[in-house]
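Structure file query_27.csv (CSV, N, CA and C atoms) is printed below.
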```csv
chain,number,residue,atom,x,y,z
N,1,MET,N,-5.1,-41.3,-18.9
N,1,MET,CA,-4.7,-41.8,-20.2
N,1,MET,C,-3.8,-43.0,-20.0
N,2,ASP,N,-4.0,-44.1,-20.6
N,2,ASP,CA,-3.2,-45.3,-20.4
N,2,ASP,C,-2.0,-45.1,-21.4
N,3,ASP,N,-0.9,-45.8,-21.0
N,3,ASP,CA,0.3,-45.8,-21.9
N,3,ASP,C,0.0,-46.8,-23.0
N,4,ILE,N,0.7,-46.6,-24.1
N,4,ILE,CA,0.7,-47.6,-25.2
N,4,ILE,C,2.0,-48.3,-25.1
N,5,ILE,N,2.0,-49.6,-25.1
N,5,ILE,CA,3.2,-50.4,-25.0
N,5,ILE,C,3.4,-51.1,-26.4
N,6,LEU,N,4.5,-50.8,-27.0
N,6,LEU,CA,4.8,-51.3,-28.3
N,6,LEU,C,5.2,-52.7,-28.4
N,7,LEU,N,5.0,-53.3,-29.5
N,7,LEU,CA,5.6,-54.7,-29.7
N,7,LEU,C,7.1,-54.6,-29.7
N,8,PRO,N,7.7,-55.7,-29.4
N,8,PRO,CA,9.2,-55.7,-29.4
N,8,PRO,C,9.8,-55.4,-30.7
N,9,ALA,N,10.9,-54.8,-30.7
N,9,ALA,CA,11.6,-54.4,-32.0
N,9,ALA,C,11.7,-55.6,-32.9
N,10,SER,N,12.1,-56.8,-32.4
N,10,SER,CA,12.2,-57.9,-33.2
N,10,SER,C,10.9,-58.3,-34.0
N,11,VAL,N,9.8,-58.0,-33.4
N,11,VAL,CA,8.5,-58.3,-34.1
N,11,VAL,C,8.2,-57.2,-35.1
N,12,LEU,N,8.4,-55.9,-34.7
N,12,LEU,CA,8.2,-54.8,-35.6
N,12,LEU,C,9.0,-54.8,-36.8
N,13,LEU,N,10.2,-55.3,-36.7
N,13,LEU,CA,11.1,-55.4,-37.9
N,13,LEU,C,10.9,-56.7,-38.7
N,14,SER,N,10.1,-57.6,-38.3
N,14,SER,CA,9.9,-58.9,-38.9
N,14,SER,C,9.1,-58.8,-40.2
N,15,PRO,N,9.3,-59.7,-41.1
N,15,PRO,CA,8.5,-59.8,-42.3
N,15,PRO,C,7.0,-60.0,-42.0
N,16,ALA,N,6.7,-60.7,-40.9
N,16,ALA,CA,5.3,-60.9,-40.6
N,16,ALA,C,4.6,-59.6,-40.2
N,17,PHE,N,5.3,-58.7,-39.4
N,17,PHE,CA,4.7,-57.5,-39.1
N,17,PHE,C,4.5,-56.6,-40.3
N,18,LYS,N,5.5,-56.6,-41.2
N,18,LYS,CA,5.4,-55.7,-42.4
N,18,LYS,C,4.2,-56.2,-43.3
N,19,GLN,N,4.1,-57.5,-43.4
N,19,GLN,CA,2.9,-58.0,-44.2
N,19,GLN,C,1.6,-57.7,-43.5
N,20,ALA,N,1.5,-57.9,-42.2
N,20,ALA,CA,0.3,-57.5,-41.5
N,20,ALA,C,-0.1,-56.0,-41.7
N,21,LEU,N,1.0,-55.2,-41.6
N,21,LEU,CA,0.8,-53.7,-41.8
N,21,LEU,C,0.3,-53.5,-43.2
N,22,ALA,N,1.0,-54.1,-44.2
N,22,ALA,CA,0.6,-53.9,-45.6
N,22,ALA,C,-0.8,-54.3,-45.9
N,23,LYS,N,-1.3,-55.4,-45.3
N,23,LYS,CA,-2.7,-55.8,-45.4
N,23,LYS,C,-3.6,-54.8,-44.8
N,24,ARG,N,-3.2,-54.2,-43.7
N,24,ARG,CA,-4.1,-53.1,-43.1
N,24,ARG,C,-4.1,-51.9,-44.0
N,25,PHE,N,-3.0,-51.6,-44.6
N,25,PHE,CA,-2.9,-50.4,-45.5
N,25,PHE,C,-3.9,-50.7,-46.7
N,26,VAL,N,-3.9,-51.9,-47.2
N,26,VAL,CA,-4.8,-52.2,-48.4
N,26,VAL,C,-6.2,-52.1,-47.9
N,27,GLU,N,-6.5,-52.7,-46.8
N,27,GLU,CA,-7.8,-52.7,-46.2
N,27,GLU,C,-8.3,-51.3,-46.0
N,28,ASP,N,-7.5,-50.4,-45.5
N,28,ASP,CA,-7.8,-49.1,-45.2
N,28,ASP,C,-7.7,-48.1,-46.4
N,29,CYS,N,-7.3,-48.7,-47.5
N,29,CYS,CA,-7.0,-47.8,-48.7
N,29,CYS,C,-6.1,-46.6,-48.3
N,30,MET,N,-5.1,-47.0,-47.6
N,30,MET,CA,-4.1,-45.9,-47.1
N,30,MET,C,-3.3,-45.3,-48.2
N,31,THR,N,-3.4,-44.0,-48.3
N,31,THR,CA,-2.5,-43.3,-49.3
N,31,THR,C,-1.3,-42.7,-48.6
N,32,ARG,N,-0.4,-42.2,-49.3
N,32,ARG,CA,0.8,-41.5,-48.7
N,32,ARG,C,0.4,-40.4,-47.8
N,33,MET,N,-0.4,-39.5,-48.2
N,33,MET,CA,-0.7,-38.3,-47.4
N,33,MET,C,-1.8,-38.8,-46.3
N,34,GLY,N,-2.7,-39.6,-46.7
N,34,GLY,CA,-3.6,-40.1,-45.7
N,34,GLY,C,-2.9,-40.9,-44.6
N,35,GLY,N,-1.9,-41.6,-44.9
N,35,GLY,CA,-1.1,-42.3,-43.9
N,35,GLY,C,-0.5,-41.3,-42.9
N,36,PHE,N,0.1,-40.3,-43.5
N,36,PHE,CA,0.8,-39.3,-42.7
N,36,PHE,C,-0.2,-38.6,-41.7
N,37,ILE,N,-1.4,-38.2,-42.3
N,37,ILE,CA,-2.4,-37.6,-41.5
N,37,ILE,C,-2.9,-38.5,-40.4
N,38,PHE,N,-3.2,-39.8,-40.8
N,38,PHE,CA,-3.7,-40.8,-39.8
N,38,PHE,C,-2.7,-40.9,-38.7
N,39,GLN,N,-1.4,-41.2,-39.0
N,39,GLN,CA,-0.4,-41.5,-38.1
N,39,GLN,C,-0.1,-40.2,-37.2
N,40,ASP,N,0.1,-39.1,-37.8
N,40,ASP,CA,0.5,-37.9,-37.1
N,40,ASP,C,-0.6,-37.5,-36.2
N,41,SER,N,-1.8,-37.4,-36.6
N,41,SER,CA,-2.9,-37.0,-35.8
N,41,SER,C,-3.1,-37.8,-34.6
N,42,ARG,N,-3.1,-39.1,-34.7
N,42,ARG,CA,-3.3,-40.0,-33.6
N,42,ARG,C,-2.1,-39.9,-32.6
N,43,ILE,N,-0.9,-39.9,-33.1
N,43,ILE,CA,0.3,-39.8,-32.2
N,43,ILE,C,0.3,-38.4,-31.5
N,44,GLN,N,0.1,-37.3,-32.2
N,44,GLN,CA,0.1,-36.0,-31.6
N,44,GLN,C,-1.0,-35.8,-30.6
N,45,ASN,N,-2.2,-36.2,-31.0
N,45,ASN,CA,-3.4,-36.0,-30.1
N,45,ASN,C,-3.2,-36.9,-28.8
N,46,PHE,N,-2.7,-38.1,-28.9
N,46,PHE,CA,-2.4,-38.9,-27.8
N,46,PHE,C,-1.4,-38.3,-26.8
N,47,LYS,N,-0.3,-37.7,-27.4
N,47,LYS,CA,0.7,-37.0,-26.6
N,47,LYS,C,0.1,-35.8,-25.9
N,48,ASP,N,-0.7,-35.0,-26.7
N,48,ASP,CA,-1.3,-33.8,-26.1
N,48,ASP,C,-2.3,-34.1,-25.0
N,49,ASP,N,-2.9,-35.3,-25.0
N,49,ASP,CA,-3.8,-35.7,-24.0
N,49,ASP,C,-3.1,-36.4,-22.8
N,50,GLY,N,-1.7,-36.4,-22.8
N,50,GLY,CA,-0.9,-36.9,-21.7
N,50,GLY,C,-0.5,-38.3,-21.9
N,51,GLY,N,-0.8,-38.9,-23.0
N,51,GLY,CA,-0.4,-40.3,-23.2
N,51,GLY,C,1.1,-40.5,-23.5
N,52,ARG,N,1.6,-41.6,-23.2
N,52,ARG,CA,3.0,-42.0,-23.5
N,52,ARG,C,3.0,-43.2,-24.3
N,53,ILE,N,4.0,-43.3,-25.2
N,53,ILE,CA,4.3,-44.5,-26.0
N,53,ILE,C,5.6,-45.1,-25.5
N,54,LEU,N,5.5,-46.3,-25.0
N,54,LEU,CA,6.6,-47.0,-24.4
N,54,LEU,C,7.1,-48.1,-25.3
N,55,ASN,N,8.4,-48.3,-25.4
N,55,ASN,CA,9.0,-49.4,-26.1
N,55,ASN,C,8.9,-50.6,-25.3
N,56,GLU,N,9.5,-51.7,-25.8
N,56,GLU,CA,9.4,-53.0,-25.1
N,56,GLU,C,10.1,-53.0,-23.8
N,57,LYS,N,11.0,-52.1,-23.5
N,57,LYS,CA,11.7,-51.9,-22.2
N,57,LYS,C,11.0,-51.0,-21.3
N,58,ARG,N,9.8,-50.5,-21.7
N,58,ARG,CA,9.0,-49.6,-21.0
N,58,ARG,C,9.7,-48.2,-20.9
N,59,VAL,N,10.5,-47.8,-21.9
N,59,VAL,CA,11.1,-46.5,-22.0
N,59,VAL,C,10.2,-45.7,-23.0
N,60,ALA,N,9.9,-44.5,-22.6
N,60,ALA,CA,9.1,-43.6,-23.4
N,60,ALA,C,9.8,-43.2,-24.7
N,61,ILE,N,9.1,-43.3,-25.8
N,61,ILE,CA,9.5,-42.8,-27.1
N,61,ILE,C,9.3,-41.3,-27.1
N,62,TYR,N,10.4,-40.5,-27.5
N,62,TYR,CA,10.3,-39.1,-27.5
N,62,TYR,C,9.4,-38.6,-28.6
N,63,ILE,N,8.2,-38.1,-28.3
N,63,ILE,CA,7.3,-37.6,-29.3
N,63,ILE,C,7.4,-36.1,-29.4
N,64,HIS,N,7.8,-35.6,-30.5
N,64,HIS,CA,7.9,-34.2,-30.8
N,64,HIS,C,7.1,-33.9,-32.0
N,65,ASP,N,7.0,-32.6,-32.3
N,65,ASP,CA,6.1,-32.2,-33.4
N,65,ASP,C,6.4,-32.8,-34.8
N,66,ASP,N,7.7,-33.1,-35.0
N,66,ASP,CA,8.1,-33.7,-36.3
N,66,ASP,C,8.5,-35.1,-36.3
N,67,VAL,N,7.9,-35.9,-35.3
N,67,VAL,CA,8.4,-37.2,-35.1
N,67,VAL,C,8.0,-38.1,-36.3
N,68,VAL,N,6.9,-37.9,-36.9
N,68,VAL,CA,6.6,-38.7,-38.1
N,68,VAL,C,7.5,-38.4,-39.2
N,69,GLU,N,7.8,-37.2,-39.5
N,69,GLU,CA,8.7,-36.8,-40.5
N,69,GLU,C,10.1,-37.4,-40.2
N,70,GLU,N,10.5,-37.3,-39.0
N,70,GLU,CA,11.8,-37.9,-38.6
N,70,GLU,C,11.8,-39.4,-38.9
N,71,ALA,N,10.7,-40.1,-38.6
N,71,ALA,CA,10.6,-41.5,-38.8
N,71,ALA,C,10.7,-41.9,-40.3
N,72,TYR,N,10.4,-41.0,-41.1
N,72,TYR,CA,10.5,-41.2,-42.6
N,72,TYR,C,11.7,-40.6,-43.1
N,73,GLY,N,12.7,-40.2,-42.3
N,73,GLY,CA,13.9,-39.7,-42.7
N,73,GLY,C,13.7,-38.4,-43.5
N,74,TYR,N,12.7,-37.6,-43.1
N,74,TYR,CA,12.3,-36.4,-43.8
N,74,TYR,C,12.1,-36.5,-45.3
N,75,GLU,N,11.8,-37.7,-45.7
N,75,GLU,CA,11.4,-38.0,-47.1
N,75,GLU,C,9.9,-37.8,-47.2
N,76,LEU,N,9.5,-36.6,-47.5
N,76,LEU,CA,8.2,-36.2,-47.2
N,76,LEU,C,7.1,-36.6,-48.3
N,77,SER,N,7.6,-37.4,-49.2
N,77,SER,CA,6.5,-38.0,-50.1
N,77,SER,C,5.9,-39.2,-49.5
N,78,PHE,N,6.5,-39.7,-48.4
N,78,PHE,CA,5.9,-40.8,-47.7
N,78,PHE,C,5.6,-42.0,-48.6
N,79,SER,N,6.5,-42.2,-49.6
N,79,SER,CA,6.2,-43.2,-50.6
N,79,SER,C,6.3,-44.6,-50.0
N,80,TRP,N,7.0,-44.8,-48.9
N,80,TRP,CA,7.1,-46.1,-48.3
N,80,TRP,C,5.7,-46.7,-47.9
N,81,THR,N,4.9,-45.8,-47.5
N,81,THR,CA,3.5,-46.2,-47.1
N,81,THR,C,2.8,-46.9,-48.2
N,82,THR,N,2.9,-46.4,-49.4
N,82,THR,CA,2.2,-47.1,-50.5
N,82,THR,C,3.1,-48.2,-51.1
N,83,ASP,N,4.4,-48.1,-51.0
N,83,ASP,CA,5.3,-49.1,-51.6
N,83,ASP,C,5.2,-50.4,-50.9
N,84,ILE,N,5.0,-50.5,-49.6
N,84,ILE,CA,4.9,-51.8,-48.9
N,84,ILE,C,3.6,-52.5,-49.2
N,85,ARG,N,2.7,-51.9,-49.8
N,85,ARG,CA,1.4,-52.5,-50.0
N,85,ARG,C,1.6,-53.8,-50.8
N,86,VAL,N,2.6,-53.9,-51.6
N,86,VAL,CA,2.9,-55.2,-52.4
N,86,VAL,C,3.0,-56.4,-51.5
N,87,PHE,N,3.4,-56.2,-50.2
N,87,PHE,CA,3.5,-57.3,-49.3
N,87,PHE,C,2.2,-57.8,-48.7
N,88,ALA,N,1.1,-57.2,-49.1
N,88,ALA,CA,-0.2,-57.7,-48.6
N,88,ALA,C,-0.4,-59.1,-49.2
N,89,ASP,N,0.1,-59.3,-50.4
N,89,ASP,CA,-0.1,-60.6,-51.0
N,89,ASP,C,1.1,-61.6,-51.0
N,90,ARG,N,2.2,-61.1,-50.5
N,90,ARG,CA,3.4,-62.0,-50.4
N,90,ARG,C,4.2,-61.6,-49.2
N,91,MET,N,4.8,-62.6,-48.5
N,91,MET,CA,5.6,-62.3,-47.4
N,91,MET,C,6.9,-61.7,-47.8
N,92,PRO,N,7.4,-60.6,-47.1
N,92,PRO,CA,8.7,-60.1,-47.4
N,92,PRO,C,9.8,-61.1,-47.2
N,93,GLU,N,10.8,-61.1,-47.9
N,93,GLU,CA,11.9,-62.1,-47.8
N,93,GLU,C,12.8,-61.8,-46.6
N,94,ARG,N,12.9,-60.6,-46.1
N,94,ARG,CA,13.8,-60.3,-45.0
N,94,ARG,C,13.2,-59.2,-44.1
N,95,ASN,N,13.9,-59.1,-43.0
N,95,ASN,CA,13.4,-58.1,-42.0
N,95,ASN,C,13.6,-56.7,-42.5
N,96,SER,N,12.8,-55.8,-42.0
N,96,SER,CA,12.9,-54.4,-42.3
N,96,SER,C,14.3,-53.9,-41.7
N,97,PRO,N,14.9,-52.9,-42.3
N,97,PRO,CA,16.1,-52.3,-41.7
N,97,PRO,C,15.9,-51.6,-40.4
N,98,GLY,N,16.9,-51.6,-39.5
N,98,GLY,CA,16.7,-51.0,-38.2
N,98,GLY,C,16.4,-49.5,-38.3
N,99,SER,N,16.8,-48.9,-39.5
N,99,SER,CA,16.5,-47.5,-39.6
N,99,SER,C,14.9,-47.2,-39.8
N,100,HIS,N,14.2,-48.2,-40.0
N,100,HIS,CA,12.7,-48.1,-40.0
N,100,HIS,C,12.0,-48.4,-38.7
N,101,LEU,N,12.8,-48.6,-37.7
N,101,LEU,CA,12.1,-49.0,-36.4
N,101,LEU,C,11.2,-47.9,-35.9
N,102,LEU,N,11.6,-46.7,-35.8
N,102,LEU,CA,10.8,-45.6,-35.3
N,102,LEU,C,9.5,-45.5,-36.2
N,103,ARG,N,9.6,-45.6,-37.4
N,103,ARG,CA,8.4,-45.6,-38.3
N,103,ARG,C,7.4,-46.7,-38.0
N,104,LEU,N,8.0,-47.9,-37.8
N,104,LEU,CA,7.1,-49.1,-37.4
N,104,LEU,C,6.6,-48.9,-36.0
N,105,GLN,N,7.3,-48.4,-35.1
N,105,GLN,CA,6.8,-48.1,-33.8
N,105,GLN,C,5.7,-47.2,-33.8
N,106,LEU,N,5.8,-46.1,-34.6
N,106,LEU,CA,4.7,-45.2,-34.7
N,106,LEU,C,3.4,-45.8,-35.4
N,107,TRP,N,3.6,-46.6,-36.3
N,107,TRP,CA,2.5,-47.3,-36.9
N,107,TRP,C,1.8,-48.2,-35.9
N,108,ASP,N,2.6,-49.0,-35.2
N,108,ASP,CA,2.1,-49.8,-34.1
N,108,ASP,C,1.3,-49.0,-33.1
N,109,ALA,N,1.9,-47.9,-32.7
N,109,ALA,CA,1.2,-47.0,-31.7
N,109,ALA,C,-0.1,-46.4,-32.3
N,110,ALA,N,0.0,-45.9,-33.5
N,110,ALA,CA,-1.2,-45.2,-34.1
N,110,ALA,C,-2.4,-46.2,-34.2
N,111,TYR,N,-2.1,-47.4,-34.6
N,111,TYR,CA,-3.2,-48.4,-34.7
N,111,TYR,C,-3.7,-48.8,-33.3
N,112,LYS,N,-2.8,-48.9,-32.4
N,112,LYS,CA,-3.3,-49.2,-31.0
N,112,LYS,C,-4.1,-48.1,-30.4
N,113,ILE,N,-3.7,-46.8,-30.7
N,113,ILE,CA,-4.4,-45.7,-30.2
N,113,ILE,C,-5.8,-45.7,-30.9
N,114,ASP,N,-5.9,-46.1,-32.1
N,114,ASP,CA,-7.1,-46.2,-32.9
N,114,ASP,C,-8.0,-47.4,-32.5
N,115,ASP,N,-7.5,-48.2,-31.5
N,115,ASP,CA,-8.1,-49.4,-31.0
N,115,ASP,C,-8.3,-50.4,-32.1
N,116,ARG,N,-7.3,-50.5,-33.0
N,116,ARG,CA,-7.3,-51.5,-34.1
N,116,ARG,C,-5.9,-52.0,-34.2
N,117,PRO,N,-5.3,-52.7,-33.2
N,117,PRO,CA,-3.9,-53.0,-33.2
N,117,PRO,C,-3.6,-54.0,-34.4
N,118,ILE,N,-2.4,-53.9,-34.9
N,118,ILE,CA,-1.9,-54.8,-35.9
N,118,ILE,C,-1.6,-56.2,-35.2
N,119,ILE,N,-2.2,-57.2,-35.7
N,119,ILE,CA,-2.0,-58.5,-35.1
N,119,ILE,C,-1.1,-59.3,-36.1
N,120,VAL,N,0.0,-59.9,-35.5
N,120,VAL,CA,1.0,-60.6,-36.2
N,120,VAL,C,0.7,-62.1,-35.9
N,121,GLY,N,0.7,-62.9,-37.0
N,121,GLY,CA,0.6,-64.3,-36.8
N,121,GLY,C,-0.7,-65.0,-37.2
```
Take the structure in the file and write it out as structure tokens.
Amino acid sequence: MDDIILLPASVLLSPAFKQALAKRFVEDCMTRMGGFIFQDSRIQNFKDDGGRILNEKRVAIYIHDDVVEEAYGYELSFSWTTDIRVFADRMPERNSPGSHLLRLQLWDAAYKIDDRPIIVG
């Protein structure tokens, strides 16, 4: 199993990445729970198959059973997944907060595992 190498944090937190992700959510008709299932199943299955998710410094992200819930701050309605869809039609004005980095890393990884990476630019 190949490693997944994530985009740099500066890209993941950028308005351009958030907009590209929002466009993908709209394209995929991603719902709150559907997003959780999509993200969690890909991340966990990849880990269970021996895959590693590496950050830009090639350090492995610790993947545990509740990593998606942790990435959402245990706010289990996962409302962020549908809330950012508004950015599919307009560029966000600022970067995402650093507290969202793990969440964005997991989205980057999940779509790369699905062989449909988010393309910025």
Checklist line | alpha helix (DSSP H) residues, from DSSP on the backbone, in chain N, as an NGL selection string | finding: :N and (9-12 or 15-27 or 32-48 or 67-71 or 79-83 or 101-113)
Margin query: List the spatial neighbours of N:Pro8 as a VMD selection string - criterion: any atom at most 8 Å away, all atoms listed in the file, same-chain residues fewer than 5 positions off excluded.
Written below: chain N and resid 13 to 14 55 to 57
Next item on the list: Apply DSSP to the backbone of this structure and, from chain N, keep only the residues in strand (DSSP E or B); write these as a PyMOL selection string.
Entry: chain N and resi 4-5+53-54+60
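Closest approach to N:Gly50 among N:Glu69, N:Asp2, N:Trp80, N:Pro97 is made by N:Asp2 (distances from only C-alpha atoms).
For the pair atom C of N:Leu106 and atom N of N:Ile84, the separation is 15.0 Å.
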Env of N:Leu6: 7 Å cut, atoms = all atoms listed in the file, seq-sep filter 6 positions within chain, self excluded. Answer as an mmCIF file with N, CA and C atoms, in the coordinates of the input.
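The resulting file, out.cif, is shown below:
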```cif
data_model
loop_
_atom_site.group_PDB
_atom_site.id
_atom_site.type_symbol
_atom_site.label_atom_id
_atom_site.label_comp_id
_atom_site.auth_asym_id
_atom_site.auth_seq_id
_atom_site.Cartn_x
_atom_site.Cartn_y
_atom_site.Cartn_z
ATOM 1 N N ILE N 53 4.000 -43.300 -25.200
ATOM 2 C CA ILE N 53 4.300 -44.500 -26.000
ATOM 3 C C ILE N 53 5.600 -45.100 -25.500
ATOM 4 N N LEU N 54 5.500 -46.300 -25.000
ATOM 5 C CA LEU N 54 6.600 -47.000 -24.400
ATOM 6 C C LEU N 54 7.100 -48.100 -25.300
ATOM 7 N N ASN N 55 8.400 -48.300 -25.400
ATOM 8 C CA ASN N 55 9.000 -49.400 -26.100
ATOM 9 C C ASN N 55 8.900 -50.600 -25.300
ATOM 10 N N GLU N 56 9.500 -51.700 -25.800
ATOM 11 C CA GLU N 56 9.400 -53.000 -25.100
ATOM 12 C C GLU N 56 10.100 -53.000 -23.800
ATOM 13 N N GLN N 105 7.300 -48.400 -35.100
ATOM 14 C CA GLN N 105 6.800 -48.100 -33.800
ATOM 15 C C GLN N 105 5.700 -47.200 -33.800
ATOM 16 N N ASP N 108 2.600 -49.000 -35.200
ATOM 17 C CA ASP N 108 2.100 -49.800 -34.100
ATOM 18 C C ASP N 108 1.300 -49.000 -33.100
ATOM 19 N N ALA N 109 1.900 -47.900 -32.700
ATOM 20 C CA ALA N 109 1.200 -47.000 -31.700
ATOM 21 C C ALA N 109 -0.100 -46.400 -32.300
#
```
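Counting all atoms listed in the file and comparing N:Phe87, N:Ile4, N:Lys47, N:Thr81, the residue that lies closest to N:Thr31 is N:Thr81.
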Notebook entry, point to check: Pick the closest to N:Ser99 from N:Cys29, N:Ala22, N:Ala71, N:Ile118: which is it, counting only C-alpha atoms?
Noted result: N:Ala71
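Between N:Asp83 and the residues N:Ser10, N:Ile5, N:Arg32, N:Val67, the shortest atom-to-atom distance, using all atoms listed in the file, involves N:Arg32.
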Note to self: Please report the interatomic distance between atom N of N:Asp3 and atom C of N:Arg52 in Å with one decimal.
What the structure shows: 5.7 Å
Next item on the list: Work out how far apart atom CA of N:Arg85 and atom CA of N:Asp66 are and give it in Å to one decimal.
Entry: 24.2 Å
